[in-house]
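Worksheet: one structure, shown below.
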Amino acid sequence: MTPTGGTAAPARPEPYDVTVVGAGIVGLSTAYALTRAAPALRVAVIEKESGPGRHQTGRNSGVIHSGIYYRPGSLKARYALAGCAETPEFCAAHGIPYAVTGKLIVATEQAELPRLHSLVQRGREHGIPVRELGPAQIAEREPAVAGLAAIHVGSTGICDFGAVAEALAGLAADAGCTIRYGTRVTAIGRTADGAVAVTAVSADSTRTRAALRTRVLVNCAGLYSDRVARLAGDDPGMRIVPFRGEFYELAPARRGLVRGLVYPVPDPDFPFLGVHLTRDVHGGVHLGPNAVPALAREGYGRWTVRPRDLAGTAAYPGTWRIARRHWRQESGEVLRSLSKRAFTANARRLLPALSPADLRPAPAGVRAQAVLPDGTLVDDFRFAGSPPFVHVLNAPSPAATAALPIGREVARRALAAL
């Protein structure tokens, strides 16, 4: 959801107990959890797009993450471990394409071997099925992949998260939840009796005004979560800085180069995973992403610019502190964005047979990265707000994997705020 200004008087408010702003997978999981926990509750979801999961949910790699990367005790670890177990069960129950494929994390140089070993230890600490592999065992699983050593993470899988969001929307609606697509929040206020007054406008050319009254408002607005928090009168203490994730896909004749999921060993000093190889449930193979600054919060195209978004990002002190801290890594990301040959050279570390002719451009995504004023990239899920507001201010990967347990947690907070 993206808030904007508006002055026309709304119609008579519709009454709800809980209203969720944003119909991404986290917002819809929250609505679904609310209808299950309290069937008599009047629940609404407001979404500016014409359907569910049109941004981060529908533009990710489709990987069901195991949780192996995440620090023990973090919210990411807790929810990813739970979501990795629950998501395949949910997909199976609702006829959604999925597969538990496992994945390889591959070290291609000596300096990565200690970090790979640390991941083995972390995986075992989490109780994740992890197996160490040498070059011959890598070749058995992925004949075209090169590496000195690897680990096989057995619980990783793939699914269609857009279909998961649609299923959650259907389940919530069947349980009585009102879902209003094509409706953009323009103002949030308080009534004399303490309820929340929400003014919205249709996203089509008619600009029809609507109003609703709710006891609790839940902000699951993703790319616009900080703006919605400010509309509600709360200081989120952070800013969403958008990063575009750019992908290629293998030409159909070359898809056989990759059998499953292949990841590099992550750089602990950089918040993005680097170029990896992922086969999806529809048979395609994606390579990426590059992670480059986007010039708009919905900056899916390289030259998509929205002056308000760009000005806000440029004026934020945290943006420049990120640049100073990570300029070396980010310059490499930008080079791979601008040069297909540079991208191919990087991907060849894992897939030596790859050539630029094998790659086709694929749709990009935009990551809603929460950044603190000192330039710190918020690395974990972040919830905030006091009654009658609940804000989900940071829900990066593995939010899609973890959507079911996150939705229950947000629903718990909303019920406590009633």
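Convention: chains lettered A, B, ... in structure tokens order; per-chain residue numbering from 1; ligands numbered from 1 as shown.
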List every residue of segment 29-140 of chain A that has an atom at most 6 Å from any atom of segment 177-181 of chain A, and for each one report the closest atom pair and its distance in Å to one decimal, counting only C-alpha atoms, with rows sorted by chain and then by increasing residue number, as JSON lines.
{"residue": "A:Val43", "atom": "CA", "partner": "A:Cys177", "partner_atom": "CA", "distance": 5.0}
{"residue": "A:Ala44", "atom": "CA", "partner": "A:Thr178", "partner_atom": "CA", "distance": 4.6}
{"residue": "A:Val45", "atom": "CA", "partner": "A:Ile179", "partner_atom": "CA", "distance": 4.7}
{"residue": "A:Ile46", "atom": "CA", "partner": "A:Arg180", "partner_atom": "CA", "distance": 5.0}
{"residue": "A:Glu47", "atom": "CA", "partner": "A:Tyr181", "partner_atom": "CA", "distance": 4.8}
{"residue": "A:Lys48", "atom": "CA", "partner": "A:Tyr181", "partner_atom": "CA", "distance": 5.8}
{"residue": "A:Glu49", "atom": "CA", "partner": "A:Tyr181", "partner_atom": "CA", "distance": 5.8}
{"residue": "A:Ser50", "atom": "CA", "partner": "A:Tyr181", "partner_atom": "CA", "distance": 5.1}
Residues just named, written with C-alpha atoms as a short mmCIF file (atom, residue, chain, number, x, y, z; two decimals), in the first residue's frame:
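Final output, saved to result.cif:
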data_model
loop_
_atom_site.label_atom_id
_atom_site.label_comp_id
_atom_site.auth_asym_id
_atom_site.auth_seq_id
_atom_site.Cartn_x
_atom_site.Cartn_y
_atom_site.Cartn_z
CA VAL A 43 -11.61 -8.40 9.58
CA ALA A 44 -10.76 -6.37 6.49
CA VAL A 45 -7.75 -6.18 4.17
CA ILE A 46 -7.06 -3.08 2.06
CA GLU A 47 -4.75 -3.35 -0.97
CA LYS A 48 -4.01 -0.80 -3.68
CA GLU A 49 -3.26 -3.42 -6.34
CA SER A 50 -5.94 -5.36 -8.23
#
Exercise for the section: Could you give me, as a ChimeraX atom specification, each residue of segment 45-288 of chain A that DSSP assigns to helix (DSSP H, G or I) when run on this structure's backbone? Expected result: /A:57-59,75-93,110-126,135-141,161-174,222-231,252-257
Handout entry: Shell of 12 Å around Ala342 of chain A, only C-alpha atoms, local chain residues under 2 positions omitted, as a PyMOL selection string
Key = chain A and resi 275+290+331-340+344-349+355-356
Problem - Given only C-alpha atoms as the counted atoms, nearest of A:Gly147, A:Gly301, A:Pro363, A:Gly182 to Ala23 of chain A - result: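 Residue with the minimum atom-to-atom distance to Ala23 of chain A: A:Gly182.
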Can you write out as a Markdown table which residues of segment 267-356 of chain A fall within 12 Å of segment 231-238 of chain A, alongside each residue's closest atom pair and its distance in Å to one decimal, counting only C-alpha atoms and ordering rows by chain and ascending residue number?
| residue | atom | partner | partner_atom | distance |
| --- | --- | --- | --- | --- |
| A:Thr313 | CA | A:Met238 | CA | 11.5 |
| A:Tyr316 | CA | A:Met238 | CA | 9.6 |
| A:Pro317 | CA | A:Met238 | CA | 10.6 |
| A:Gly318 | CA | A:Met238 | CA | 8.7 |
| A:Thr319 | CA | A:Met238 | CA | 10.9 |
Exercise for the section: May I have the residues within 9 Å of segment 367-383 of chain A as a PyMOL selection string, using only C-alpha atoms and disregarding those fewer than 6 positions away in the same chain? Expected result: chain A and resi 56+74-76+222-226+237-245+271+291+297+316-325+390-397+399+410
Practice task
as number ranges by chain, list the residues of segment 179-328 of chain A assigned to strand (DSSP E or B) by DSSP on the backbone atoms of this structure.
Solution key: A: 179-180, 183-190, 196-202, 209-219, 239-250, 261-264, 276-279, 285-293
Put those residues in a file: C-alpha atoms, as a JSON list (two decimals), in the first residue's frame.
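Below is the file selection_21.json, written as the result:
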[["chain", "number", "residue", "atom", "x", "y", "z"],
["A", 179, "ILE", "CA", -10.72, -7.88, 1.00],
["A", 180, "ARG", "CA", -10.79, -4.59, -0.87],
["A", 183, "THR", "CA", -8.02, 0.75, -2.77],
["A", 184, "ARG", "CA", -5.24, 3.06, -1.59],
["A", 185, "VAL", "CA", -5.01, 4.41, 1.97],
["A", 186, "THR", "CA", -4.81, 8.21, 2.00],
["A", 187, "ALA", "CA", -5.28, 9.12, 5.67],
["A", 188, "ILE", "CA", -5.35, 7.50, 9.11],
["A", 189, "GLY", "CA", -6.84, 9.26, 12.11],
["A", 190, "ARG", "CA", -8.51, 8.65, 15.46],
["A", 196, "VAL", "CA", -9.06, 4.29, 13.99],
["A", 197, "ALA", "CA", -10.58, 6.16, 11.04],
["A", 198, "VAL", "CA", -9.14, 5.14, 7.67],
["A", 199, "THR", "CA", -9.76, 7.11, 4.50],
["A", 200, "ALA", "CA", -9.01, 5.43, 1.17],
["A", 201, "VAL", "CA", -9.41, 6.10, -2.52],
["A", 202, "SER", "CA", -9.89, 3.70, -5.41],
["A", 209, "ARG", "CA", -13.53, 7.82, -1.84],
["A", 210, "ALA", "CA", -14.26, 5.29, 0.91],
["A", 211, "ALA", "CA", -13.96, 5.25, 4.68],
["A", 212, "LEU", "CA", -13.83, 2.61, 7.36],
["A", 213, "ARG", "CA", -13.63, 2.53, 11.13],
["A", 214, "THR", "CA", -11.57, -0.11, 12.87],
["A", 215, "ARG", "CA", -10.58, -0.95, 16.44],
["A", 216, "VAL", "CA", -7.08, -2.06, 15.40],
["A", 217, "LEU", "CA", -5.04, -1.27, 12.30],
["A", 218, "VAL", "CA", -2.28, -3.66, 11.17],
["A", 219, "ASN", "CA", 0.37, -2.22, 8.85],
["A", 239, "ARG", "CA", 13.29, 4.28, 6.35],
["A", 240, "ILE", "CA", 12.54, 1.81, 3.58],
["A", 241, "VAL", "CA", 15.37, 2.01, 1.03],
["A", 242, "PRO", "CA", 14.46, -0.01, -2.08],
["A", 243, "PHE", "CA", 16.95, -2.37, -3.73],
["A", 244, "ARG", "CA", 16.14, -3.90, -7.09],
["A", 245, "GLY", "CA", 16.94, -7.59, -7.45],
["A", 246, "GLU", "CA", 17.72, -8.31, -11.10],
["A", 247, "PHE", "CA", 17.51, -11.83, -12.50],
["A", 248, "TYR", "CA", 18.38, -13.70, -15.65],
["A", 249, "GLU", "CA", 16.93, -17.05, -16.65],
["A", 250, "LEU", "CA", 18.55, -19.83, -18.62],
["A", 261, "LEU", "CA", 19.19, -25.02, -6.13],
["A", 262, "VAL", "CA", 22.83, -23.92, -5.96],
["A", 263, "TYR", "CA", 24.02, -21.09, -3.71],
["A", 264, "PRO", "CA", 27.42, -19.50, -3.01],
["A", 276, "HIS", "CA", 22.66, -18.14, -7.04],
["A", 277, "LEU", "CA", 20.99, -20.69, -9.32],
["A", 278, "THR", "CA", 17.38, -21.68, -8.67],
["A", 279, "ARG", "CA", 15.09, -24.04, -10.56],
["A", 285, "VAL", "CA", 16.06, -21.74, -13.97],
["A", 286, "HIS", "CA", 16.87, -18.28, -12.62],
["A", 287, "LEU", "CA", 20.28, -16.77, -11.92],
["A", 288, "GLY", "CA", 20.67, -13.78, -9.63],
["A", 289, "PRO", "CA", 19.88, -11.47, -8.17],
["A", 290, "ASN", "CA", 22.03, -8.45, -8.51],
["A", 291, "ALA", "CA", 21.11, -6.09, -5.68],
["A", 292, "VAL", "CA", 21.24, -2.47, -6.86],
["A", 293, "PRO", "CA", 19.63, 0.73, -5.55]]
